[in-house]
>>> print(open('structure.txt').read())   # compact mmCIF, C-alpha atoms
# COMPACT_ATOMS: atom_id res chain seq x y z
CA MET R 1 153.52 -1.15 172.87
CA LEU R 2 156.58 0.90 173.71
CA SER R 3 159.81 0.55 171.73
CA ASP R 4 163.33 -0.06 173.00
CA TYR R 5 163.96 3.65 172.43
CA ASP R 6 160.99 4.61 174.61
CA TYR R 7 162.25 2.48 177.50
CA MET R 8 165.75 3.89 177.02
CA LYS R 9 164.44 7.44 177.32
CA ARG R 10 163.22 6.56 180.81
CA CYS R 11 166.64 5.08 181.62
CA GLU R 12 168.22 8.36 180.55
CA VAL R 13 166.00 10.27 183.00
CA LEU R 14 167.04 7.88 185.78
CA ALA R 15 170.70 8.34 184.80
CA THR R 16 170.36 12.11 185.08
CA GLU R 17 168.81 11.71 188.54
CA ALA R 18 171.67 9.42 189.59
CA ALA R 19 174.24 11.98 188.47
CA GLU R 20 172.42 14.74 190.35
CA GLU R 21 172.76 12.62 193.51
CA GLY R 22 176.53 12.24 193.00
CA ASN R 23 176.54 8.80 191.40
CA ALA R 24 177.62 7.61 187.98
CA PRO R 25 174.98 8.56 185.39
CA VAL R 26 173.39 5.14 184.91
CA GLY R 27 169.70 4.26 184.85
CA ALA R 28 168.08 0.86 184.35
CA LEU R 29 164.70 -0.77 184.24
CA ILE R 30 163.29 -4.25 183.89
CA VAL R 31 160.33 -4.96 181.61
CA LYS R 32 158.13 -8.06 181.55
CA GLY R 33 155.41 -8.49 178.93
CA GLY R 34 155.68 -4.86 177.87
CA GLU R 35 155.16 -3.57 181.43
CA VAL R 36 157.86 -1.91 183.52
CA VAL R 37 158.41 -4.11 186.57
CA CYS R 38 160.90 -1.80 188.25
CA GLU R 39 163.37 0.98 187.65
CA ALA R 40 166.60 1.90 189.35
CA ARG R 41 169.48 4.30 189.22
CA GLU R 42 173.11 4.02 190.16
CA ALA R 43 173.57 4.36 193.93
CA ALA R 44 177.13 3.16 194.63
CA ASN R 45 178.31 6.51 196.00
CA THR R 46 175.21 7.50 197.94
CA LYS R 47 174.87 4.04 199.52
CA ASN R 48 178.64 3.60 199.87
CA ASP R 49 178.26 0.14 198.31
CA ILE R 50 179.99 -0.75 195.05
CA SER R 51 177.38 -3.41 194.30
CA CYS R 52 174.64 -0.78 193.95
CA HIS R 53 174.96 -0.44 190.19
CA ALA R 54 171.70 0.48 188.50
CA GLU R 55 171.38 -2.93 186.86
CA ILE R 56 171.85 -4.84 190.12
CA GLU R 57 169.51 -2.49 191.96
CA ALA R 58 166.86 -3.20 189.30
CA ILE R 59 167.44 -6.95 189.53
CA ARG R 60 167.10 -6.85 193.32
CA GLN R 61 163.76 -5.08 192.98
CA ALA R 62 162.49 -7.41 190.26
CA VAL R 63 163.35 -10.55 192.23
CA LYS R 64 161.56 -9.16 195.27
CA GLN R 65 158.54 -7.86 193.37
CA LEU R 66 158.05 -10.92 191.15
CA HIS R 67 158.86 -13.41 193.95
CA THR R 68 161.23 -15.40 191.75
CA ARG R 69 164.88 -15.74 190.87
CA ASP R 70 163.98 -16.72 187.32
CA LEU R 71 163.78 -13.53 185.25
CA SER R 72 163.94 -15.37 181.92
CA ASP R 73 160.81 -13.59 180.71
CA CYS R 74 162.28 -10.15 181.42
CA ILE R 75 164.25 -7.54 179.49
CA LEU R 76 166.83 -5.29 181.14
CA TYR R 77 167.29 -1.78 179.73
CA THR R 78 170.29 0.25 180.83
CA THR R 79 172.06 3.38 179.70
CA HIS R 80 175.46 1.69 179.92
CA GLU R 81 176.82 -1.70 178.95
CA PRO R 82 176.60 -3.87 182.06
CA CYS R 83 179.97 -4.39 183.72
CA ILE R 84 181.20 -7.88 184.50
CA MET R 85 179.68 -7.73 188.01
CA CYS R 86 176.29 -6.83 186.55
CA ALA R 87 176.73 -9.36 183.74
CA TYR R 88 177.20 -12.08 186.35
CA SER R 89 173.89 -11.10 187.97
CA ILE R 90 172.10 -10.91 184.63
CA ARG R 91 173.28 -14.38 183.68
CA TYR R 92 172.53 -15.84 187.12
CA TYR R 93 168.95 -14.56 187.06
CA LYS R 94 168.55 -15.63 183.40
CA ILE R 95 167.39 -12.29 181.97
CA SER R 96 166.55 -13.03 178.33
CA LYS R 97 167.46 -9.73 176.70
CA VAL R 98 169.69 -6.76 177.54
CA VAL R 99 169.40 -3.44 175.74
CA TYR R 100 172.08 -0.84 176.40
CA GLN R 101 173.25 2.43 174.96
CA HIS R 102 176.87 3.25 175.87
CA PRO R 103 179.71 0.69 175.72
CA VAL R 104 182.11 0.39 178.67
CA ALA R 105 185.67 -0.18 177.45
CA TYR R 106 187.52 -1.83 180.32
CA LEU R 107 185.08 -3.97 182.24
CA GLY R 108 182.08 -4.17 179.94
CA GLY R 109 180.30 -7.50 179.98
CA VAL R 110 180.07 -7.52 176.17
CA THR R 111 182.86 -5.46 174.60
CA SER R 112 185.77 -5.93 177.01
CA SER R 113 188.27 -8.77 177.13
CA MET R 114 185.92 -10.43 179.67
CA PRO R 115 182.58 -10.76 177.79
CA LEU R 116 180.76 -12.60 180.58
CA LEU R 117 177.37 -11.48 179.31
CA THR R 118 177.75 -13.29 175.99
CA SER R 119 180.25 -16.03 176.83
CA ASP R 120 179.21 -19.66 176.57
CA ILE R 121 181.83 -20.59 179.18
CA VAL R 122 179.59 -20.23 182.24
CA PRO R 123 177.94 -22.70 184.62
CA PRO R 124 175.55 -24.90 182.60
CA HIS R 125 172.58 -24.18 184.87
CA TRP R 126 172.70 -20.52 183.81
CA GLY R 127 171.37 -21.46 180.40
CA LYS R 128 172.04 -19.58 177.21
CA ALA R 129 173.34 -16.03 176.95
CA PRO R 130 170.79 -13.24 176.69
CA GLU R 131 170.10 -11.46 173.46
CA VAL R 132 172.14 -8.26 173.59
CA VAL R 133 171.20 -5.09 171.69
CA ARG R 134 173.17 -1.86 171.61
CA LEU R 135 171.01 1.15 170.75
CA LYS R 136 172.72 3.97 168.90
>>> encode(input="structure.txt", output="C-alpha cells")
Amino acid sequence: MLSDYDYMKRCEVLATEAAEEGNAPVGALIVKGGEVVCEAREAANTKNDISCHAEIEAIRQAVKQLHTRDLSDCILYTTHEPCIMCAYSIRYYKISKVVYQHPVAYLGGVTSSMPLLTSDIVPPHWGKAPEVVRLK
C-alpha cells in the first residue's frame, strides 16, 4: 500500500503541471481504499473560474465518478492547506481525512483565523471534522 508521502509526490507533479499552465502550483487527489479515485490540478486562471481550485476540481470528479455526495470513505491529498472555500466543500462532502503539505497563512481552512476545516461550529448534518495531517 502506498504511503501519504507517495500520494503527495503525485500531488507535487500535478502542482508543477498547474504552474506550467499559468495557475497556482496546487495538485490534489482523492483516494478510496488505497486506490486513487481521481486527481486534479489548480485551474482557476486557465478556466477563468475562482472555484476551480485543485481540491474542488478533485471533489467534483470524485462525486461524479463514485455517483455519491458522501465521500466519508475518502482521503484528500493536496500540496497546499485547503482554503476556506475548499474546506467548506470538504466538510459538505464529508471527506474523512485531509493530508496537506504547505500551510496557507491568510485563508487556510486549518491555520488561519477561520479554521472551517476543523471547527465544530458547522451545520450538524456535516458530521465530525476530518482528520487533518500536515506532511513536512
>>> residues_around(input="structure.txt", residues="range 117-119 of chain R", least_positions_apart="2", cutoff="9 Å", atoms="all atoms listed in the file", output="MDAnalysis selection string")
chainID R and resid 82:84 86:88 90:91 108:110 114:115 121:122 128:132
>>> closest_atom_pairs(input="structure.txt", of="range 47-103 of chain R", to="range 18-41 of chain R", cutoff="6 Å", atoms="all atoms listed in the file", output="tab-separated table")
residue	atom	partner	partner_atom	distance
R:Ala54	CA	R:Arg41	CA	4.5
R:Glu55	CA	R:Ala28	CA	5.6
R:Glu57	CA	R:Ala40	CA	5.9
R:Ala58	CA	R:Ala40	CA	5.1
R:Cys74	CA	R:Lys32	CA	4.6
R:Ile75	CA	R:Val31	CA	5.1
R:Leu76	CA	R:Ile30	CA	4.6
R:Tyr77	CA	R:Leu29	CA	5.3
R:Thr78	CA	R:Ala28	CA	4.2
R:Thr79	CA	R:Val26	CA	5.7
>>> closest_residue(input="structure.txt", among="R:Glu81, R:Ala44, R:Glu12, R:Lys94", to="Ile59 in chain R", atoms="all atoms listed in the file")
R:Lys94
>>> atom_distance(input="structure.txt", atom1="CA of Ser51 in chain R", atom2="CA of Met85 in chain R")
8.0 Å
>>> residues_around(input="structure.txt", residues="Asp4 in chain R", least_positions_apart="4", cutoff="10 Å", atoms="all atoms listed in the file", output="PyMOL selection string")
chain R and resi 8-9+75+77+99-100+133+135
>>> closest_residue(input="structure.txt", among="R:Asn45, R:His80, R:Val63, R:Trp126", to="Ala15 in chain R", atoms="only C-alpha atoms")
R:His80
>>> atom_distance(input="structure.txt", atom1="CA of His102 in chain R", atom2="CA of Pro123 in chain R")
27.4 Å
>>> atom_distance(input="structure.txt", atom1="CA of Asp120 in chain R", atom2="CA of Tyr92 in chain R")
13.1 Å
